[in-house]
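Listing of query.txt; format and content: compact mmCIF, C-alpha atoms.
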```txt
# COMPACT_ATOMS: atom_id res chain seq x y z
CA MET A 1 21.54 25.19 62.09
CA SER A 2 22.45 26.91 58.80
CA ALA A 3 26.02 26.38 59.96
CA ALA A 4 29.02 27.53 57.95
CA LEU A 5 32.21 26.33 59.59
CA THR A 6 34.57 29.03 58.40
CA PRO A 7 36.53 31.57 60.42
CA SER A 8 34.90 34.92 61.03
CA ALA A 9 36.79 38.14 60.44
CA GLY A 10 39.43 38.71 63.08
CA GLU A 11 39.75 35.05 64.09
CA ALA A 12 43.50 34.67 64.18
CA ILE A 13 45.76 32.03 65.68
CA ASP A 14 47.59 33.50 68.68
CA HIS A 15 49.43 30.34 69.87
CA GLU A 16 48.26 30.92 73.42
CA PHE A 17 47.64 27.17 73.76
CA SER A 18 49.34 24.18 72.21
CA PHE A 19 47.09 22.50 69.65
CA SER A 20 48.40 19.29 68.16
CA ARG A 21 47.16 17.24 65.24
CA ALA A 22 45.92 14.69 67.78
CA ASP A 23 43.91 17.42 69.54
CA PHE A 24 42.35 18.47 66.24
CA ASP A 25 41.45 14.90 65.32
CA ARG A 26 39.88 14.46 68.76
CA VAL A 27 37.73 17.57 68.23
CA ARG A 28 36.67 16.24 64.83
CA GLN A 29 35.62 12.93 66.36
CA LEU A 30 33.68 14.60 69.17
CA ILE A 31 31.74 17.07 67.02
CA TYR A 32 30.94 14.31 64.52
CA LYS A 33 29.69 11.99 67.25
CA HIS A 34 27.72 14.70 69.04
CA ALA A 35 26.32 16.78 66.15
CA GLY A 36 27.03 14.81 62.96
CA ILE A 37 29.25 17.60 61.61
CA SER A 38 32.21 16.54 59.46
CA LEU A 39 35.20 18.87 59.79
CA HIS A 40 37.86 18.62 57.10
CA ASP A 41 41.56 19.30 57.52
CA GLY A 42 41.27 22.94 56.47
CA LYS A 43 39.38 23.82 59.67
CA HIS A 44 42.39 23.55 62.01
CA ALA A 45 42.71 27.33 62.47
CA MET A 46 38.97 27.81 62.93
CA VAL A 47 38.77 25.11 65.60
CA TYR A 48 41.68 26.62 67.51
CA SER A 49 40.21 30.11 67.39
CA ARG A 50 36.72 29.08 68.41
CA LEU A 51 37.56 26.58 71.15
CA SER A 52 40.37 28.58 72.75
CA ARG A 53 37.58 30.76 74.18
CA ARG A 54 36.27 27.74 76.06
CA LEU A 55 39.72 26.96 77.44
CA ARG A 56 39.95 30.49 78.84
CA ASP A 57 36.46 30.37 80.33
CA THR A 58 36.95 26.94 81.94
CA GLY A 59 40.51 27.56 83.13
CA HIS A 60 42.19 24.77 81.17
CA ARG A 61 45.73 25.34 80.01
CA SER A 62 45.77 22.92 77.09
CA PHE A 63 43.36 21.48 74.53
CA ALA A 64 44.27 17.99 75.70
CA SER A 65 43.23 18.85 79.26
CA TYR A 66 39.98 20.50 78.14
CA LEU A 67 38.95 17.65 75.85
CA GLN A 68 39.79 15.01 78.45
CA TRP A 69 37.65 16.85 80.99
CA LEU A 70 34.83 17.32 78.50
CA GLU A 71 34.68 13.63 77.66
CA GLY A 72 34.75 12.56 81.30
CA ALA A 73 32.52 15.20 82.91
CA THR A 74 28.99 14.36 84.00
CA GLY A 75 25.92 16.21 85.24
CA ALA A 76 24.48 19.61 84.45
CA GLN A 77 27.89 21.29 84.13
CA ALA A 78 28.94 18.75 81.52
CA ASP A 79 25.70 19.17 79.57
CA ALA A 80 26.16 22.94 79.57
CA GLU A 81 29.76 22.68 78.33
CA TRP A 82 28.84 20.24 75.57
CA GLN A 83 26.35 22.85 74.39
CA GLU A 84 29.04 25.54 74.46
CA PHE A 85 31.35 23.20 72.53
CA VAL A 86 28.74 22.79 69.80
CA ASN A 87 27.86 26.49 69.79
CA CYS A 88 31.53 27.39 69.24
CA LEU A 89 31.82 25.18 66.17
CA THR A 90 28.70 26.38 64.35
CA THR A 91 28.51 29.83 62.81
CA ASN A 92 25.13 30.82 61.46
CA LEU A 93 24.93 32.70 58.18
CA THR A 94 21.41 33.76 57.28
CA SER A 95 19.23 36.66 56.17
CA PHE A 96 15.60 37.46 55.53
CA PHE A 97 14.24 35.79 52.38
CA ARG A 98 17.56 34.16 51.57
CA GLU A 99 17.26 32.10 48.35
CA GLU A 100 14.16 34.13 47.53
CA HIS A 101 12.78 31.73 44.92
CA HIS A 102 11.85 29.37 47.74
CA PHE A 103 9.46 31.90 49.21
CA HIS A 104 7.77 32.58 45.88
CA ALA A 105 7.28 28.82 45.52
CA LEU A 106 6.06 28.55 49.11
CA ALA A 107 3.45 31.26 48.54
CA ASP A 108 2.06 29.31 45.58
CA ASP A 109 2.05 26.02 47.49
CA LEU A 110 0.21 27.60 50.43
CA LYS A 111 -2.84 28.65 48.44
CA PRO A 112 -4.47 25.17 48.29
CA LEU A 113 -3.97 24.90 52.07
CA ALA A 114 -6.02 27.99 52.92
CA GLY A 115 -8.44 27.35 55.77
CA LYS A 116 -6.67 24.14 56.85
CA PRO A 117 -4.39 23.57 59.86
CA LEU A 118 -0.79 23.90 58.71
CA ARG A 119 2.45 22.77 60.37
CA ILE A 120 5.85 23.84 59.06
CA TRP A 121 9.25 22.86 60.43
CA CYS A 122 12.28 25.10 59.98
CA CYS A 123 15.06 22.86 61.26
CA ALA A 124 17.91 25.38 60.98
CA ALA A 125 16.35 28.47 62.53
CA SER A 126 19.66 30.20 63.25
CA THR A 127 19.04 33.78 64.48
CA GLY A 128 15.44 33.70 63.27
CA GLU A 129 15.44 35.37 59.87
CA GLU A 130 14.38 32.20 58.06
CA PRO A 131 11.39 31.23 60.25
CA TYR A 132 10.20 34.84 60.32
CA SER A 133 10.47 34.93 56.51
CA ILE A 134 8.34 31.79 56.40
CA ALA A 135 5.81 33.36 58.77
CA ILE A 136 5.63 36.56 56.68
CA THR A 137 5.04 34.51 53.53
CA CYS A 138 2.26 32.59 55.29
CA ALA A 139 0.66 35.81 56.53
CA GLU A 140 0.69 37.28 53.02
CA ALA A 141 -0.68 34.11 51.43
CA LEU A 142 -3.17 32.94 54.07
CA GLY A 143 -3.98 36.00 56.16
CA SER A 144 -3.49 36.73 59.85
CA SER A 145 -6.14 34.20 60.92
CA ALA A 146 -4.30 31.21 59.44
CA GLN A 147 -4.25 28.02 61.54
CA LEU A 148 -0.48 27.85 61.51
CA GLN A 149 2.31 26.49 63.69
CA ILE A 150 5.96 26.87 62.73
CA VAL A 151 8.43 24.79 64.72
CA ALA A 152 11.82 26.52 64.45
CA SER A 153 14.72 24.51 65.82
CA ASP A 154 18.49 24.78 65.95
CA ILE A 155 21.31 23.02 67.75
CA ASP A 156 22.90 26.35 68.76
CA THR A 157 21.22 27.80 71.86
CA ASN A 158 22.88 31.20 71.49
CA VAL A 159 21.32 31.92 68.11
CA LEU A 160 17.94 30.64 69.31
CA ASN A 161 17.95 33.25 72.06
CA THR A 162 18.44 35.93 69.39
CA ALA A 163 15.64 34.41 67.32
CA ARG A 164 13.22 34.42 70.24
CA ARG A 165 13.89 38.11 70.87
CA GLY A 166 13.14 38.94 67.25
CA VAL A 167 15.17 42.17 67.31
CA TYR A 168 17.28 43.09 64.27
CA ASN A 169 18.98 46.01 62.57
CA ALA A 170 16.54 48.19 60.65
CA ASP A 171 18.69 47.88 57.53
CA SER A 172 18.68 44.06 57.61
CA ARG A 173 19.09 42.61 54.14
CA GLY A 174 16.06 41.12 52.41
CA LEU A 175 13.24 43.21 53.90
CA SER A 176 11.19 45.51 51.66
CA PRO A 177 9.85 48.82 53.04
CA GLN A 178 6.32 47.39 52.88
CA ARG A 179 7.23 44.32 54.94
CA LEU A 180 9.16 46.44 57.42
CA LYS A 181 6.06 48.55 57.98
CA GLN A 182 3.60 45.65 58.15
CA PHE A 183 5.47 43.09 60.23
CA PHE A 184 7.96 45.02 62.39
CA MET A 185 7.98 47.75 65.03
CA ARG A 186 10.68 50.42 64.80
CA GLY A 187 12.75 51.22 67.84
CA THR A 188 13.03 54.71 69.26
CA GLY A 189 15.51 56.42 71.55
CA ALA A 190 18.19 53.95 72.63
CA ASN A 191 16.68 51.40 70.21
CA ASP A 192 16.78 53.70 67.19
CA GLY A 193 18.00 51.79 64.16
CA ARG A 194 16.53 48.54 65.44
CA ILE A 195 13.33 46.68 64.57
CA ARG A 196 11.31 44.08 66.46
CA VAL A 197 9.06 41.42 64.98
CA LYS A 198 5.40 42.11 65.77
CA PRO A 199 3.79 39.76 68.32
CA GLU A 200 1.11 38.63 65.86
CA LEU A 201 3.89 37.11 63.73
CA GLN A 202 5.84 35.64 66.64
CA ARG A 203 2.78 33.83 68.01
CA TRP A 204 2.95 31.32 65.18
CA ILE A 205 6.54 30.26 65.93
CA ASP A 206 7.72 27.75 68.53
CA PHE A 207 11.48 28.08 68.94
CA ARG A 208 13.17 25.04 70.43
CA SER A 209 16.62 23.50 70.76
CA LEU A 210 17.07 20.31 68.75
CA ASN A 211 20.04 18.20 67.68
CA LEU A 212 19.36 16.41 64.40
CA MET A 213 21.50 13.54 65.74
CA ASP A 214 19.08 12.88 68.62
CA GLN A 215 17.52 9.42 68.45
CA GLN A 216 14.00 10.76 68.91
CA TRP A 217 12.44 14.04 67.80
CA SER A 218 9.41 15.13 69.84
CA LEU A 219 7.88 17.36 67.21
CA GLY A 220 4.16 16.59 67.41
CA ASP A 221 1.90 16.03 64.41
CA PRO A 222 3.40 15.51 60.93
CA PHE A 223 4.48 18.52 58.88
CA GLN A 224 3.22 19.51 55.44
CA ILE A 225 6.35 21.58 54.79
CA VAL A 226 9.96 21.33 56.04
CA PHE A 227 12.78 23.81 55.46
CA CYS A 228 16.17 22.14 55.92
CA ARG A 229 18.46 24.45 53.99
CA ASN A 230 22.26 24.50 54.00
CA VAL A 231 22.48 21.94 56.78
CA MET A 232 23.20 18.64 55.06
CA ILE A 233 26.38 19.98 53.43
CA TYR A 234 28.06 19.60 56.83
CA PHE A 235 27.15 15.91 57.09
CA ASP A 236 28.77 12.95 55.38
CA ALA A 237 26.66 10.70 53.14
CA PRO A 238 25.62 8.15 55.82
CA THR A 239 24.58 10.95 58.18
CA GLN A 240 22.65 12.71 55.42
CA ARG A 241 20.73 9.53 54.72
CA LYS A 242 19.94 9.00 58.39
CA VAL A 243 18.62 12.55 58.78
CA LEU A 244 16.58 12.33 55.56
CA GLU A 245 14.94 9.13 56.78
CA ARG A 246 13.97 10.85 60.03
CA ILE A 247 12.66 13.92 58.23
CA HIS A 248 10.62 11.62 55.99
CA ARG A 249 9.02 10.05 59.07
CA VAL A 250 7.84 13.39 60.49
CA MET A 251 6.27 14.62 57.23
CA LYS A 252 2.87 14.04 55.70
CA PRO A 253 2.70 12.17 52.37
CA HIS A 254 3.44 14.55 49.46
CA GLY A 255 4.80 17.12 51.89
CA LEU A 256 7.45 19.53 50.59
CA LEU A 257 11.11 19.65 51.62
CA PHE A 258 13.02 22.87 50.82
CA VAL A 259 16.82 22.43 50.74
CA GLY A 260 19.87 24.59 50.05
CA HIS A 261 20.96 25.54 46.55
CA SER A 262 24.06 23.30 46.72
CA GLU A 263 22.28 20.25 48.18
CA ASN A 264 21.15 17.31 46.06
CA PHE A 265 19.34 14.21 47.29
CA THR A 266 18.64 12.36 44.05
CA GLU A 267 20.28 9.29 45.63
CA SER A 268 17.34 9.12 48.06
CA ARG A 269 14.57 8.81 45.46
CA ASP A 270 12.82 6.26 47.68
CA LEU A 271 12.22 9.07 50.19
CA PHE A 272 11.92 12.28 48.16
CA ARG A 273 11.47 13.11 44.48
CA LEU A 274 12.58 16.40 42.96
CA ARG A 275 9.60 18.69 42.49
CA GLY A 276 11.27 22.00 41.61
CA LYS A 277 14.50 23.93 41.99
CA THR A 278 15.90 22.56 45.29
CA ILE A 279 12.37 21.55 46.37
CA TYR A 280 11.55 17.89 46.99
CA GLU A 281 8.25 16.09 47.52
CA ARG A 282 7.93 13.33 50.11
CA VAL A 283 7.25 9.96 48.50
```

Take the structure in the file and write it out as structure tokens.
Amino acid sequence: MSAALTPSAGEAIDHEFSFSRADFDRVRQLIYKHAGISLHDGKHAMVYSRLSRRLRDTGHRSFASYLQWLEGATGAQADAEWQEFVNCLTTNLTSFFREEHHFHALADDLKPLAGKPLRIWCCAASTGEEPYSIAITCAEALGSSAQLQIVASDIDTNVLNTARRGVYNADSRGLSPQRLKQFFMRGTGANDGRIRVKPELQRWIDFRSLNLMDQQWSLGDPFQIVFCRNVMIYFDAPTQRKVLERIHRVMKPHGLLFVGHSENFTESRDLFRLRGKTIYERV
């Protein structure tokens, strides 16, 4: 998810719809129940700005009307709108090789795994820069013939569609000229200034929609490595613990969990022990 719940540039309150404190509290309850995200009081303006788009698209004239309909609707239309509701309240901030020290550590940890089947889970894939950075690191460390599968999931279906396309601006932050040349194709004509991830890199990655609050995760065989960075900061302590327990269950013993620079799970020493800078080892 890599979700940062802050207003984007240009998100202003226009008072087109009434938005009471009760409406805001209702939104907070719904997004917490559905996605585990805890919204604090300072997000009132962001919630209005983001969700007012859904009121326009669905034809509702008030937040109260929209939320009442959302809670009571059933069927495919309801499922689709719940997804739009979640998508509106998660903004994905990411870049290639963000928190670069993780990728240097990953390259070192991959060396003993050469020649062995390897499964990695990136559980906040966002628009794809993180899983592609993982794949590039694996290609550099293990070679193009590595037996590798990267499961890249996110709760936001819009960003996953971008990730699957693998098309980015040629000046995207974090990519060296050498990596641009080796792992991307440059666009021409109408696509000048754009780059596309090469198919040989994409073949390792399975993009899929996943809500970390789901009761069951159908993820296949256990993972040796999990990236769950800058996700837990949006959960309260009980939700963090619940998610950590589930991550623990889908990892191999002594597997590695990479987390965000501001995340600390020393209270869950029975599950993970600190192995390096924001890198934990499964107990």

### Nearest candidate to Asp221 (chain A) (options A:Gln149, A:Ser18, A:Ser62, A:Ser52; using all atoms listed in the file)
A:Gln149

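Minimum atom-to-atom distances from A:Arg203, A:Arg229, A:Lys277, A:Arg282 to Pro253 (chain A) were compared using all atoms listed in the file, and the lowest value belongs to A:Arg282.
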
Would you pick out the contacts of Asp109 (chain A) at 12 Å or less, using all atoms listed in the file, so that residues sharing its chain but fewer than 4 positions from it are not included, and give the list as an mmCIF file with C-alpha atoms, in the frame of the given file?
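And here is the file that came out, part-v8.cif:
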```
data_model
loop_
_atom_site.group_PDB
_atom_site.id
_atom_site.type_symbol
_atom_site.label_atom_id
_atom_site.label_comp_id
_atom_site.auth_asym_id
_atom_site.auth_seq_id
_atom_site.Cartn_x
_atom_site.Cartn_y
_atom_site.Cartn_z
ATOM 1 C CA HIS A 102 11.850 29.370 47.740
ATOM 2 C CA PHE A 103 9.460 31.900 49.210
ATOM 3 C CA HIS A 104 7.770 32.580 45.880
ATOM 4 C CA ALA A 105 7.280 28.820 45.520
ATOM 5 C CA LEU A 113 -3.970 24.900 52.070
ATOM 6 C CA ALA A 114 -6.020 27.990 52.920
ATOM 7 C CA LEU A 118 -0.790 23.900 58.710
ATOM 8 C CA THR A 137 5.040 34.510 53.530
ATOM 9 C CA CYS A 138 2.260 32.590 55.290
ATOM 10 C CA ALA A 141 -0.680 34.110 51.430
ATOM 11 C CA LEU A 142 -3.170 32.940 54.070
ATOM 12 C CA GLN A 224 3.220 19.510 55.440
ATOM 13 C CA ILE A 225 6.350 21.580 54.790
ATOM 14 C CA HIS A 254 3.440 14.550 49.460
ATOM 15 C CA GLY A 255 4.800 17.120 51.890
ATOM 16 C CA LEU A 256 7.450 19.530 50.590
ATOM 17 C CA LEU A 257 11.110 19.650 51.620
ATOM 18 C CA PHE A 258 13.020 22.870 50.820
ATOM 19 C CA ARG A 275 9.600 18.690 42.490
ATOM 20 C CA GLY A 276 11.270 22.000 41.610
ATOM 21 C CA ILE A 279 12.370 21.550 46.370
ATOM 22 C CA GLU A 281 8.250 16.090 47.520
#
```

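Picture a line from CA of Phe183 (chain A) to CA of Ala163 (chain A); it runs 15.1 Å.
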
### Query
Quick one: of A:Thr74, A:Leu274, A:Gln29, A:Phe19, who's nearest to Ala45 (chain A), counting all atoms listed in the file?
A:Phe19

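Comparing the minimum interatomic distances between Asn161 (chain A) and each of A:Thr188, A:Thr58, A:Ser126, A:Thr90, counting all atoms listed in the file, we find that A:Ser126 sits nearest.
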
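The interatomic distance for the pair CA of Ser218 (chain A) and CA of Asn158 (chain A) works out to 21.0 Å.
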
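Proximity of A:Gln202, A:Asn230, A:Gln83, A:Ser172 to Val151 (chain A), computed with only C-alpha atoms, is greatest for A:Gln202.
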
### Summary
Closest of A:Ala76, A:Ile136, A:Ser144, A:Arg241 to Gln178 (chain A), counting all atoms listed in the file, is A:Ile136

### Query
Please, which residues are within 10 Å of (21.4, 28.4, 48.3) by the file's coordinates, counting all atoms listed in the file, and could they come as a list in words?
Arg98, Glu99, Glu100, His101, His102, Arg229, Asn230, Val259, Gly260, His261, Ser262, Glu263 and Thr278 of chain A

### Task
Give me the residues within 8 Å of Asn211 (chain A) as JSON, numbers by chain, counting only C-alpha atoms and dropping any in the same chain fewer than 3 places off.
{"A": [35, 154, 155, 214]}

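As for CA of Arg196 (chain A) and CA of Leu180 (chain A), they are spaced 9.6 Å apart.
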
### Task
Extract, using only C-alpha atoms, all DNA, RNA and protein residues at most 12 Å from region 21-27 of chain A, discarding same-chain residues fewer than 5 positions from it, and format them as a ChimeraX atom specification.
/A:32-35,37-51,62-68,70-71,82,85-86,88-89

Those residues with C-alpha atoms, as a PDB file, in the frame of the given file please?
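Saved result, again-v3.pdb, follows:
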```pdb
ATOM      1  CA  TYR A  32      30.940  14.310  64.520  1.00  0.00           C
ATOM      2  CA  LYS A  33      29.690  11.990  67.250  1.00  0.00           C
ATOM      3  CA  HIS A  34      27.720  14.700  69.040  1.00  0.00           C
ATOM      4  CA  ALA A  35      26.320  16.780  66.150  1.00  0.00           C
ATOM      5  CA  ILE A  37      29.250  17.600  61.610  1.00  0.00           C
ATOM      6  CA  SER A  38      32.210  16.540  59.460  1.00  0.00           C
ATOM      7  CA  LEU A  39      35.200  18.870  59.790  1.00  0.00           C
ATOM      8  CA  HIS A  40      37.860  18.620  57.100  1.00  0.00           C
ATOM      9  CA  ASP A  41      41.560  19.300  57.520  1.00  0.00           C
ATOM     10  CA  GLY A  42      41.270  22.940  56.470  1.00  0.00           C
ATOM     11  CA  LYS A  43      39.380  23.820  59.670  1.00  0.00           C
ATOM     12  CA  HIS A  44      42.390  23.550  62.010  1.00  0.00           C
ATOM     13  CA  ALA A  45      42.710  27.330  62.470  1.00  0.00           C
ATOM     14  CA  MET A  46      38.970  27.810  62.930  1.00  0.00           C
ATOM     15  CA  VAL A  47      38.770  25.110  65.600  1.00  0.00           C
ATOM     16  CA  TYR A  48      41.680  26.620  67.510  1.00  0.00           C
ATOM     17  CA  SER A  49      40.210  30.110  67.390  1.00  0.00           C
ATOM     18  CA  ARG A  50      36.720  29.080  68.410  1.00  0.00           C
ATOM     19  CA  LEU A  51      37.560  26.580  71.150  1.00  0.00           C
ATOM     20  CA  SER A  62      45.770  22.920  77.090  1.00  0.00           C
ATOM     21  CA  PHE A  63      43.360  21.480  74.530  1.00  0.00           C
ATOM     22  CA  ALA A  64      44.270  17.990  75.700  1.00  0.00           C
ATOM     23  CA  SER A  65      43.230  18.850  79.260  1.00  0.00           C
ATOM     24  CA  TYR A  66      39.980  20.500  78.140  1.00  0.00           C
ATOM     25  CA  LEU A  67      38.950  17.650  75.850  1.00  0.00           C
ATOM     26  CA  GLN A  68      39.790  15.010  78.450  1.00  0.00           C
ATOM     27  CA  LEU A  70      34.830  17.320  78.500  1.00  0.00           C
ATOM     28  CA  GLU A  71      34.680  13.630  77.660  1.00  0.00           C
ATOM     29  CA  TRP A  82      28.840  20.240  75.570  1.00  0.00           C
ATOM     30  CA  PHE A  85      31.350  23.200  72.530  1.00  0.00           C
ATOM     31  CA  VAL A  86      28.740  22.790  69.800  1.00  0.00           C
ATOM     32  CA  CYS A  88      31.530  27.390  69.240  1.00  0.00           C
ATOM     33  CA  LEU A  89      31.820  25.180  66.170  1.00  0.00           C
TER      34      LEU A  89
END
```

### Message
Which polymer residues, whether protein, DNA or RNA, lie within 10 Å of the coordinate (18.4, 48.7, 62.5) when you count all atoms listed in the file? List them as a PyMOL selection string, using the chain letters and numbers from the file.
### Response
chain A and resi 167-172+186-187+191-196

Write the residues you've just listed into a file as a CSV table (one decimal), in the coordinates of the input, and include C-alpha atoms for each of them.
```csv
chain,number,residue,atom,x,y,z
A,167,VAL,CA,15.2,42.2,67.3
A,168,TYR,CA,17.3,43.1,64.3
A,169,ASN,CA,19.0,46.0,62.6
A,170,ALA,CA,16.5,48.2,60.6
A,171,ASP,CA,18.7,47.9,57.5
A,172,SER,CA,18.7,44.1,57.6
A,186,ARG,CA,10.7,50.4,64.8
A,187,GLY,CA,12.8,51.2,67.8
A,191,ASN,CA,16.7,51.4,70.2
A,192,ASP,CA,16.8,53.7,67.2
A,193,GLY,CA,18.0,51.8,64.2
A,194,ARG,CA,16.5,48.5,65.4
A,195,ILE,CA,13.3,46.7,64.6
A,196,ARG,CA,11.3,44.1,66.5
```

Spatial neighbours of Gly128 (chain A), 7 Å, only C-alpha atoms, chain gap at least 3 places, as a PDB file with C-alpha atoms, in the coordinates of the input:
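Written out: result-v8.pdb:
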```
ATOM      1  CA  ALA A 125      16.350  28.470  62.530  1.00  0.00           C
ATOM      2  CA  PRO A 131      11.390  31.230  60.250  1.00  0.00           C
ATOM      3  CA  TYR A 132      10.200  34.840  60.320  1.00  0.00           C
ATOM      4  CA  ALA A 163      15.640  34.410  67.320  1.00  0.00           C
ATOM      5  CA  GLY A 166      13.140  38.940  67.250  1.00  0.00           C
TER       6      GLY A 166
END
```
